[in-house]
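Colleague: I have a structure here, written as structure tokens, and I will follow up with some questions on it.
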Amino acid sequence: MARSRKRATAAARGPQPAAAAAAVPEPAAAAEADAAGDLVLRPPNLRVAFAAMALFLAPFSYLAFVHYPLDADLRRSILICGAISLVGFLVVLRLVPVAARYLLRRGMFGKDINKKGLLMGEIKVPESLGIVVGIVYLVIAILFQHYNFAPDSIWLVEYNAALASVCFMILLGFIDDVLDIPWRVKLVLPAIAALPLLMAYAGGTSIIIPKPLASYVGVEVLELGWMYMLFMLLLAVFCTNSINIHAGLNGLEVGQTVVISAAVLIHNVMRIGSSKDPETQQAHAFSIYLVLPFLTTSLALLGFNWYPSSVFVGDTYTYFAGMTLAVVGILGHFSETLLLFFLPQVLNFLCSVPQLFHFVHCPRHRLPSFEKRTGLLTGTKDGNLVNIFLRLFGKCSEKSLCIRLLIFQALSCLFCFWLRYMLTGWYK
Ligand code: UD1
Ligand code: MG
């Protein structure tokens, strides 16, 4: 986002009468409120937030509390984590409007590009609301330690290192939103944020060679040493940036992370239920404690970010989300599965390579073109999934396109579960 540029433009035009109109019910009241710097946000779309919560938490709850005979202590910890996470959901709902007002006052806003030419496209939409989710999430994750870990637990070091990396990432994401950092610098920010986790990482650095390949490699377990650390670093860089570039439609940034988080939760509980090894079970329980509050707080943000967005999440959120998912994948030891959940992001990245590395011109925003007359989006030549979907399946509204992309994300996760099921026993 071009923060300084936007601020300068807003100042040059003077007070905009249309400003904040979408964020409040009455345009006239909006102009008045905006002049006083007193934005009143449109209420969140609670139907979408609760429907998504039911859809994504139901399978996890069923598996954890009905299907698998999980240990009573583990169930208790999941319940406590779930209860605190629900409080987090409510706190985010309450805080987003407050933070939005402060952010807008400081010139932190964006224009909705896919509504260009309409009055709605002229509205200043508060940006970087990921900061609220990030802070609430960290508070929950820090408080949760009190209920679940003994002061001498060996998991505490890695748990806190993971939180330090997430916190560092939120800070760098917010700095990016404020300063609009150049693209090549943006790419390496997650590598800096991942350092606390890499330095504290005490887990294994070996990988199990897939059975069909073991005879070629000559060993069943391969010790990677520092190369494993490099892999973790690259995973953090990939997860953060790939979420950030699969964006630009109302609801897509948060929607994709909600779907992936739900899949991660289900994967964790399935692994706990099907494994007898206490170490594996602990690693996946650990991942549940980090993902559950992330999912619920993100769902509250989804209510505000769903079409038509009354707030934008900013790079603060996309980086925070990517780093959280990367650390749970690393510490839960399921990075391969995580990459399969990220299938749309992997495809989007591969399609983006020519533009990202400047073999082909890369505009500041690689978004579709908006047809004011019909209200539909048309795909451009830019190499990303958003435009490819439009070119493949034809023009559609922004909301439909976002839903299609989220269905594709969910199908990718289902494909991953199917693949794991088919390969069990044969692959590893
Ligand atoms: C990445 C993408 C860029 C895309 C942008 C959208 C690459 C290399 N970069 O850039 O193509 O346009 O994300 O987030 O692929 N916005 C909307 N509607 C939304 C969300 C965002 O119009 O639903 C616009 C707003 O003007 C907002 C801006 O995108 O202010 C935020 O862009 P930013 O996150 O700063 O872009 P990048 O992450 O650099
Ligand atoms: Mg972004």
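Chain lettering (A, B, ...) mirrors the order of the structure tokens, residue numbering begins at 1 for each chain separately, and ligand numbering begins at 1 in order of display.
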List as a PDB file with N, CA and C atoms, in the first residue's frame the protein and nucleic acid residues lying within 7 Å of ligand 1, with only C-alpha atoms and all ligand atoms counted.
Modeller:
ATOM      1  N   MET A   1       0.829  -1.193   0.000  1.00  0.00           N
ATOM      2  CA  MET A   1       0.000   0.000   0.000  1.00  0.00           C
ATOM      3  C   MET A   1       0.872   1.255   0.000  1.00  0.00           C
ATOM      4  N   PHE A 109      -5.457   3.818   5.335  1.00  0.00           N
ATOM      5  CA  PHE A 109      -6.646   3.339   4.651  1.00  0.00           C
ATOM      6  C   PHE A 109      -6.273   2.935   3.230  1.00  0.00           C
ATOM      7  N   GLY A 110      -7.185   2.222   2.577  1.00  0.00           N
ATOM      8  CA  GLY A 110      -6.973   1.860   1.177  1.00  0.00           C
ATOM      9  C   GLY A 110      -8.284   2.064   0.435  1.00  0.00           C
ATOM     10  N   LYS A 111      -8.175   2.146  -0.889  1.00  0.00           N
ATOM     11  CA  LYS A 111      -9.395   2.247  -1.710  1.00  0.00           C
ATOM     12  C   LYS A 111      -9.688   0.867  -2.275  1.00  0.00           C
ATOM     13  N   ASP A 112     -10.989   0.538  -2.360  1.00  0.00           N
ATOM     14  CA  ASP A 112     -11.375  -0.783  -2.842  1.00  0.00           C
ATOM     15  C   ASP A 112     -11.260  -0.819  -4.374  1.00  0.00           C
ATOM     16  N   ILE A 113     -10.175  -1.422  -4.854  1.00  0.00           N
ATOM     17  CA  ILE A 113      -9.838  -1.342  -6.284  1.00  0.00           C
ATOM     18  C   ILE A 113     -10.881  -2.038  -7.162  1.00  0.00           C
ATOM     19  N   ASN A 114     -11.481  -3.113  -6.647  1.00  0.00           N
ATOM     20  CA  ASN A 114     -12.460  -3.841  -7.465  1.00  0.00           C
ATOM     21  C   ASN A 114     -13.831  -3.168  -7.499  1.00  0.00           C
ATOM     22  N   GLU A 127      -7.246   0.258   6.959  1.00  0.00           N
ATOM     23  CA  GLU A 127      -6.306  -0.801   6.554  1.00  0.00           C
ATOM     24  C   GLU A 127      -5.586  -1.358   7.796  1.00  0.00           C
ATOM     25  N   ASP A 177       3.028  -2.080   6.288  1.00  0.00           N
ATOM     26  CA  ASP A 177       1.801  -1.337   5.987  1.00  0.00           C
ATOM     27  C   ASP A 177       2.007   0.172   6.121  1.00  0.00           C
ATOM     28  N   ASP A 180       5.254   1.012   3.414  1.00  0.00           N
ATOM     29  CA  ASP A 180       5.163   0.487   2.049  1.00  0.00           C
ATOM     30  C   ASP A 180       6.549   0.096   1.519  1.00  0.00           C
ATOM     31  N   TRP A 183       9.204  -4.350  -2.788  1.00  0.00           N
ATOM     32  CA  TRP A 183       8.870  -5.752  -2.927  1.00  0.00           C
ATOM     33  C   TRP A 183      10.016  -6.697  -2.549  1.00  0.00           C
ATOM     34  N   ASN A 244       0.204 -13.539   1.079  1.00  0.00           N
ATOM     35  CA  ASN A 244       0.127 -12.106   0.756  1.00  0.00           C
ATOM     36  C   ASN A 244      -0.139 -11.836  -0.724  1.00  0.00           C
ATOM     37  N   ILE A 245       0.333 -12.724  -1.610  1.00  0.00           N
ATOM     38  CA  ILE A 245       0.107 -12.433  -3.039  1.00  0.00           C
ATOM     39  C   ILE A 245      -1.155 -13.121  -3.587  1.00  0.00           C
ATOM     40  N   HIS A 246      -1.793 -13.954  -2.752  1.00  0.00           N
ATOM     41  CA  HIS A 246      -3.079 -14.532  -3.160  1.00  0.00           C
ATOM     42  C   HIS A 246      -4.148 -13.684  -2.471  1.00  0.00           C
ATOM     43  N   ALA A 247      -4.312 -12.466  -2.939  1.00  0.00           N
ATOM     44  CA  ALA A 247      -5.105 -11.488  -2.183  1.00  0.00           C
ATOM     45  C   ALA A 247      -5.726 -10.467  -3.124  1.00  0.00           C
ATOM     46  N   GLY A 248      -6.421  -9.509  -2.513  1.00  0.00           N
ATOM     47  CA  GLY A 248      -6.951  -8.394  -3.302  1.00  0.00           C
ATOM     48  C   GLY A 248      -8.439  -8.480  -3.574  1.00  0.00           C
ATOM     49  N   LEU A 249      -9.101  -9.552  -3.075  1.00  0.00           N
ATOM     50  CA  LEU A 249     -10.565  -9.634  -3.176  1.00  0.00           C
ATOM     51  C   LEU A 249     -11.117  -9.578  -1.766  1.00  0.00           C
ATOM     52  N   ASN A 250     -12.242  -8.932  -1.585  1.00  0.00           N
ATOM     53  CA  ASN A 250     -12.846  -8.856  -0.250  1.00  0.00           C
ATOM     54  C   ASN A 250     -13.028 -10.269   0.307  1.00  0.00           C
ATOM     55  N   GLY A 251     -12.457 -10.521   1.466  1.00  0.00           N
ATOM     56  CA  GLY A 251     -12.652 -11.817   2.144  1.00  0.00           C
ATOM     57  C   GLY A 251     -11.624 -12.884   1.782  1.00  0.00           C
ATOM     58  N   LEU A 252     -10.815 -12.651   0.752  1.00  0.00           N
ATOM     59  CA  LEU A 252      -9.914 -13.732   0.316  1.00  0.00           C
ATOM     60  C   LEU A 252      -8.734 -13.961   1.278  1.00  0.00           C
ATOM     61  N   SER A 309     -16.218  -5.307   2.026  1.00  0.00           N
ATOM     62  CA  SER A 309     -15.333  -5.132   3.189  1.00  0.00           C
ATOM     63  C   SER A 309     -15.533  -3.764   3.846  1.00  0.00           C
ATOM     64  N   PHE A 312      -9.840  -3.479   5.694  1.00  0.00           N
ATOM     65  CA  PHE A 312      -8.844  -4.323   5.028  1.00  0.00           C
ATOM     66  C   PHE A 312      -7.896  -4.867   6.093  1.00  0.00           C
ATOM     67  N   GLY A 314      -4.584  -5.831   5.658  1.00  0.00           N
ATOM     68  CA  GLY A 314      -3.202  -5.344   5.557  1.00  0.00           C
ATOM     69  C   GLY A 314      -2.176  -6.474   5.528  1.00  0.00           C
ATOM     70  N   ASP A 315      -0.936  -6.084   5.250  1.00  0.00           N
ATOM     71  CA  ASP A 315       0.145  -7.076   5.250  1.00  0.00           C
ATOM     72  C   ASP A 315       0.410  -7.561   6.672  1.00  0.00           C
ATOM     73  N   LEU A 356       6.931 -11.804 -10.611  1.00  0.00           N
ATOM     74  CA  LEU A 356       7.638 -11.533  -9.343  1.00  0.00           C
ATOM     75  C   LEU A 356       9.117 -11.275  -9.588  1.00  0.00           C
ATOM     76  N   ARG A 364       1.745  -2.602  -9.767  1.00  0.00           N
ATOM     77  CA  ARG A 364       1.640  -2.558  -8.289  1.00  0.00           C
ATOM     78  C   ARG A 364       0.514  -3.478  -7.807  1.00  0.00           C
ATOM     79  N   HIS A 365      -0.615  -3.475  -8.497  1.00  0.00           N
ATOM     80  CA  HIS A 365      -1.723  -4.371  -8.137  1.00  0.00           C
ATOM     81  C   HIS A 365      -2.066  -5.250  -9.327  1.00  0.00           C
ATOM     82  N   ARG A 366      -2.038  -6.558  -9.111  1.00  0.00           N
ATOM     83  CA  ARG A 366      -2.371  -7.485 -10.208  1.00  0.00           C
ATOM     84  C   ARG A 366      -3.821  -7.936 -10.029  1.00  0.00           C
ATOM     85  N   LEU A 367      -4.715  -6.994 -10.146  1.00  0.00           N
ATOM     86  CA  LEU A 367      -6.134  -7.297  -9.894  1.00  0.00           C
ATOM     87  C   LEU A 367      -6.933  -7.240 -11.205  1.00  0.00           C
TER      88      LEU A 367
END
Colleague: Excluding Pro97 of chain A and residues on its chain fewer than 2 positions from it, collect all residues at most 9 Å away from it, counting only C-alpha atoms, and give them as an MDAnalysis selection string.
Modeller: chainID A and resid 39:43 93:95 99:102 311
Colleague: Counting only C-alpha atoms, what is within 10 Å of Ile272 of chain A, bar same-chain residues fewer than 5 positions away, as a PyMOL selection string?
Modeller: chain A and resi 64+68-71+266-267+277-285
Colleague: Convert the current residue selection to file output with C-alpha atoms, as an mmCIF file, in the first residue's frame.
Modeller:
data_model
loop_
_atom_site.group_PDB
_atom_site.id
_atom_site.type_symbol
_atom_site.label_atom_id
_atom_site.label_comp_id
_atom_site.auth_asym_id
_atom_site.auth_seq_id
_atom_site.Cartn_x
_atom_site.Cartn_y
_atom_site.Cartn_z
ATOM 1 C CA ALA A 64 -11.849 -34.633 19.156
ATOM 2 C CA TYR A 68 -11.460 -40.577 18.795
ATOM 3 C CA PRO A 69 -11.082 -41.753 22.399
ATOM 4 C CA LEU A 70 -8.636 -38.952 23.292
ATOM 5 C CA ASP A 71 -6.989 -38.709 26.674
ATOM 6 C CA ILE A 266 -8.550 -31.679 11.574
ATOM 7 C CA HIS A 267 -5.185 -33.098 10.511
ATOM 8 C CA ASP A 277 3.595 -42.344 20.041
ATOM 9 C CA PRO A 278 3.328 -39.763 22.908
ATOM 10 C CA GLU A 279 5.926 -37.484 21.229
ATOM 11 C CA THR A 280 3.849 -37.288 18.009
ATOM 12 C CA GLN A 281 0.676 -36.724 19.996
ATOM 13 C CA GLN A 282 2.316 -33.889 21.964
ATOM 14 C CA ALA A 283 3.579 -32.226 18.793
ATOM 15 C CA HIS A 284 0.086 -32.222 17.270
ATOM 16 C CA ALA A 285 -1.589 -31.104 20.510
#
Colleague: Contacts of Lys115 of chain A at 9 Å or less, counting only C-alpha atoms, minus same-chain residues fewer than 6 places along, as a ChimeraX atom specification?
Modeller: /A:121-122,370-372,375
Colleague: Quick one: everything within 6 Å of segment 317-322 of chain A, counting only C-alpha atoms, minus sequence neighbours fewer than 5 positions away in the same chain. Send it as a PyMOL selection string.
Modeller: chain A and resi 130+169-170+173+239-240+243-244
Colleague: How would the residues just picked look written out with C-alpha atoms as a JSON list (two decimals), in the first residue's frame?
Modeller:
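part.json was written with the following content:
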[["chain", "number", "residue", "atom", "x", "y", "z"],
["A", 130, "GLY", "CA", -4.75, -7.62, 11.21],
["A", 169, "MET", "CA", 6.25, -10.91, 12.06],
["A", 170, "ILE", "CA", 3.27, -8.82, 13.19],
["A", 173, "GLY", "CA", 4.00, -6.58, 8.73],
["A", 239, "CYS", "CA", 3.96, -19.32, 3.66],
["A", 240, "THR", "CA", 3.91, -15.60, 4.44],
["A", 243, "ILE", "CA", -0.70, -15.76, 1.34],
["A", 244, "ASN", "CA", 0.13, -12.11, 0.76]]
Colleague: Any idea what the distance is between atom CA of Leu74 of chain A and atom CA of Ser206 of chain A?
Modeller: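 One can read the atom CA of Leu74 of chain A to atom CA of Ser206 of chain A distance as 27.7 Å.
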Colleague: If you count only C-alpha atoms, which residues fall within 10 Å of Arg391 of chain A, apart from same-chain ones fewer than 5 positions away, as a PyMOL selection string?
Modeller: chain A and resi 368+378-381+385-386
Colleague: Considering only C-alpha atoms and all ligand atoms, state which residue in the set A:Leu390, A:Cys416, A:Val313, A:Val353 is at the smallest distance from ligand 2.
Modeller: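 Looking only at the distances to ligand 2, the closest residue turns out to be A:Val313.
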Colleague: From the list A:Tyr62, A:Phe89, A:Phe334, A:Phe174, which residue is nearest ligand 2 when using only C-alpha atoms and all ligand atoms?
Modeller: A:Phe174
Colleague: So how far away is atom CA of Ile288 of chain A from atom CA of Leu90 of chain A, in Å?
Modeller: 19.9 Å
Colleague: Taking 6 positions as the minimum chain separation for residues in the same chain, which residues sit within 10 Å of Glu158 of chain A when counting only C-alpha atoms? Answer as an mmCIF file with C-alpha atoms, in the first residue's frame.
Modeller:
data_model
loop_
_atom_site.group_PDB
_atom_site.id
_atom_site.type_symbol
_atom_site.label_atom_id
_atom_site.label_comp_id
_atom_site.auth_asym_id
_atom_site.auth_seq_id
_atom_site.Cartn_x
_atom_site.Cartn_y
_atom_site.Cartn_z
ATOM 1 C CA ALA A 164 8.305 -14.472 19.467
ATOM 2 C CA PRO A 196 13.697 -16.599 17.226
ATOM 3 C CA LEU A 197 12.187 -19.955 16.306
ATOM 4 C CA LEU A 198 15.243 -21.166 14.400
ATOM 5 C CA MET A 199 17.608 -20.223 17.246
ATOM 6 C CA ALA A 200 15.480 -21.986 19.877
ATOM 7 C CA TYR A 201 14.639 -25.018 17.746
ATOM 8 C CA ALA A 202 15.796 -28.147 19.542
ATOM 9 C CA GLY A 203 13.794 -30.731 17.614
ATOM 10 C CA PHE A 286 0.891 -28.222 20.565
ATOM 11 C CA VAL A 327 5.471 -22.351 12.890
ATOM 12 C CA LEU A 331 6.809 -27.598 15.394
#
Colleague: Please report, as a tab-separated table, each residue of segment 110-168 of chain A lying at most 12 Å from segment 293-300 of chain A, together with the nearest pair of atoms and the separation in Å rounded to one decimal; use only C-alpha atoms, and order rows by chain and ascending residue number.
Modeller:
residue	atom	partner	partner_atom	distance
A:Leu129	CA	A:Ser298	CA	10.7
A:Gly130	CA	A:Ser298	CA	8.6
A:Ile131	CA	A:Ser298	CA	11.2
A:Val132	CA	A:Thr297	CA	9.0
A:Val133	CA	A:Thr297	CA	5.8
A:Gly134	CA	A:Phe294	CA	8.5
A:Ile135	CA	A:Thr297	CA	10.0
A:Val136	CA	A:Thr297	CA	7.5
A:Tyr137	CA	A:Phe294	CA	6.2
A:Leu138	CA	A:Pro293	CA	9.1
A:Val139	CA	A:Pro293	CA	10.0
A:Ile140	CA	A:Pro293	CA	7.1
A:Ala141	CA	A:Pro293	CA	7.4
A:Ile142	CA	A:Pro293	CA	11.1
A:Leu143	CA	A:Pro293	CA	11.5
A:Phe144	CA	A:Pro293	CA	10.0
A:Leu163	CA	A:Phe294	CA	12.0
A:Val166	CA	A:Phe294	CA	11.3
Colleague: Take the residues from that selection and put them in a file with N, CA and C atoms, as a PDB file, in the first residue's frame.
Modeller:
ATOM      1  N   LEU A 129      -6.094  -4.004   9.775  1.00  0.00           N
ATOM      2  CA  LEU A 129      -6.828  -4.451  10.960  1.00  0.00           C
ATOM      3  C   LEU A 129      -6.319  -5.797  11.467  1.00  0.00           C
ATOM      4  N   GLY A 130      -5.389  -6.395  10.731  1.00  0.00           N
ATOM      5  CA  GLY A 130      -4.748  -7.619  11.208  1.00  0.00           C
ATOM      6  C   GLY A 130      -4.038  -7.382  12.534  1.00  0.00           C
ATOM      7  N   ILE A 131      -3.725  -6.125  12.814  1.00  0.00           N
ATOM      8  CA  ILE A 131      -3.014  -5.814  14.057  1.00  0.00           C
ATOM      9  C   ILE A 131      -3.871  -6.210  15.281  1.00  0.00           C
ATOM     10  N   VAL A 132      -5.195  -6.047  15.158  1.00  0.00           N
ATOM     11  CA  VAL A 132      -6.084  -6.393  16.283  1.00  0.00           C
ATOM     12  C   VAL A 132      -6.054  -7.912  16.513  1.00  0.00           C
ATOM     13  N   VAL A 133      -6.211  -8.662  15.423  1.00  0.00           N
ATOM     14  CA  VAL A 133      -6.207 -10.126  15.540  1.00  0.00           C
ATOM     15  C   VAL A 133      -4.862 -10.589  16.109  1.00  0.00           C
ATOM     16  N   GLY A 134      -3.785 -10.003  15.605  1.00  0.00           N
ATOM     17  CA  GLY A 134      -2.446 -10.388  16.053  1.00  0.00           C
ATOM     18  C   GLY A 134      -2.265 -10.191  17.552  1.00  0.00           C
ATOM     19  N   ILE A 135      -2.693  -9.039  18.052  1.00  0.00           N
ATOM     20  CA  ILE A 135      -2.489  -8.746  19.476  1.00  0.00           C
ATOM     21  C   ILE A 135      -3.378  -9.642  20.347  1.00  0.00           C
ATOM     22  N   VAL A 136      -4.649  -9.762  19.952  1.00  0.00           N
ATOM     23  CA  VAL A 136      -5.563 -10.604  20.751  1.00  0.00           C
ATOM     24  C   VAL A 136      -5.045 -12.051  20.749  1.00  0.00           C
ATOM     25  N   TYR A 137      -4.604 -12.500  19.578  1.00  0.00           N
ATOM     26  CA  TYR A 137      -4.076 -13.870  19.476  1.00  0.00           C
ATOM     27  C   TYR A 137      -2.887 -14.074  20.411  1.00  0.00           C
ATOM     28  N   LEU A 138      -1.967 -13.132  20.410  1.00  0.00           N
ATOM     29  CA  LEU A 138      -0.774 -13.288  21.257  1.00  0.00           C
ATOM     30  C   LEU A 138      -1.155 -13.324  22.737  1.00  0.00           C
ATOM     31  N   VAL A 139      -2.096 -12.461  23.128  1.00  0.00           N
ATOM     32  CA  VAL A 139      -2.512 -12.442  24.542  1.00  0.00           C
ATOM     33  C   VAL A 139      -3.092 -13.816  24.922  1.00  0.00           C
ATOM     34  N   ILE A 140      -3.953 -14.365  24.052  1.00  0.00           N
ATOM     35  CA  ILE A 140      -4.565 -15.670  24.343  1.00  0.00           C
ATOM     36  C   ILE A 140      -3.479 -16.743  24.450  1.00  0.00           C
ATOM     37  N   ALA A 141      -2.572 -16.755  23.466  1.00  0.00           N
ATOM     38  CA  ALA A 141      -1.545 -17.805  23.433  1.00  0.00           C
ATOM     39  C   ALA A 141      -0.623 -17.699  24.648  1.00  0.00           C
ATOM     40  N   ILE A 142      -0.361 -16.475  25.096  1.00  0.00           N
ATOM     41  CA  ILE A 142       0.511 -16.308  26.267  1.00  0.00           C
ATOM     42  C   ILE A 142      -0.223 -16.768  27.532  1.00  0.00           C
ATOM     43  N   LEU A 143      -1.499 -16.354  27.663  1.00  0.00           N
ATOM     44  CA  LEU A 143      -2.265 -16.750  28.859  1.00  0.00           C
ATOM     45  C   LEU A 143      -2.455 -18.264  28.930  1.00  0.00           C
ATOM     46  N   PHE A 144      -2.596 -18.879  27.774  1.00  0.00           N
ATOM     47  CA  PHE A 144      -2.891 -20.315  27.746  1.00  0.00           C
ATOM     48  C   PHE A 144      -1.774 -21.147  28.392  1.00  0.00           C
ATOM     49  N   LEU A 163       5.969 -17.968  19.529  1.00  0.00           N
ATOM     50  CA  LEU A 163       5.222 -16.724  19.736  1.00  0.00           C
ATOM     51  C   LEU A 163       6.094 -15.508  19.435  1.00  0.00           C
ATOM     52  N   VAL A 166       6.092 -15.072  15.724  1.00  0.00           N
ATOM     53  CA  VAL A 166       4.805 -14.535  15.264  1.00  0.00           C
ATOM     54  C   VAL A 166       4.721 -13.038  15.595  1.00  0.00           C
TER      55      VAL A 166
END
Colleague: Per DSSP on the backbone, filter segment 311-378 of chain A down to the residues in strand (DSSP E or B) and report them as a PyMOL selection string.
Modeller: chain A and resi 369-371+376-378
Colleague: If you measure from atom CA of Val360 of chain A to atom CA of Gly117 of chain A, what distance in Å do you get, rounded to one decimal?
Modeller: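 The value is 27.7 Å.
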Colleague: Which is closest to Val188 of chain A among A:Ala49, A:Ile207, A:Val237, A:Cys413, if we use only C-alpha atoms?
Modeller: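 Looking only at the distances to Val188 of chain A, the closest residue turns out to be A:Val237.
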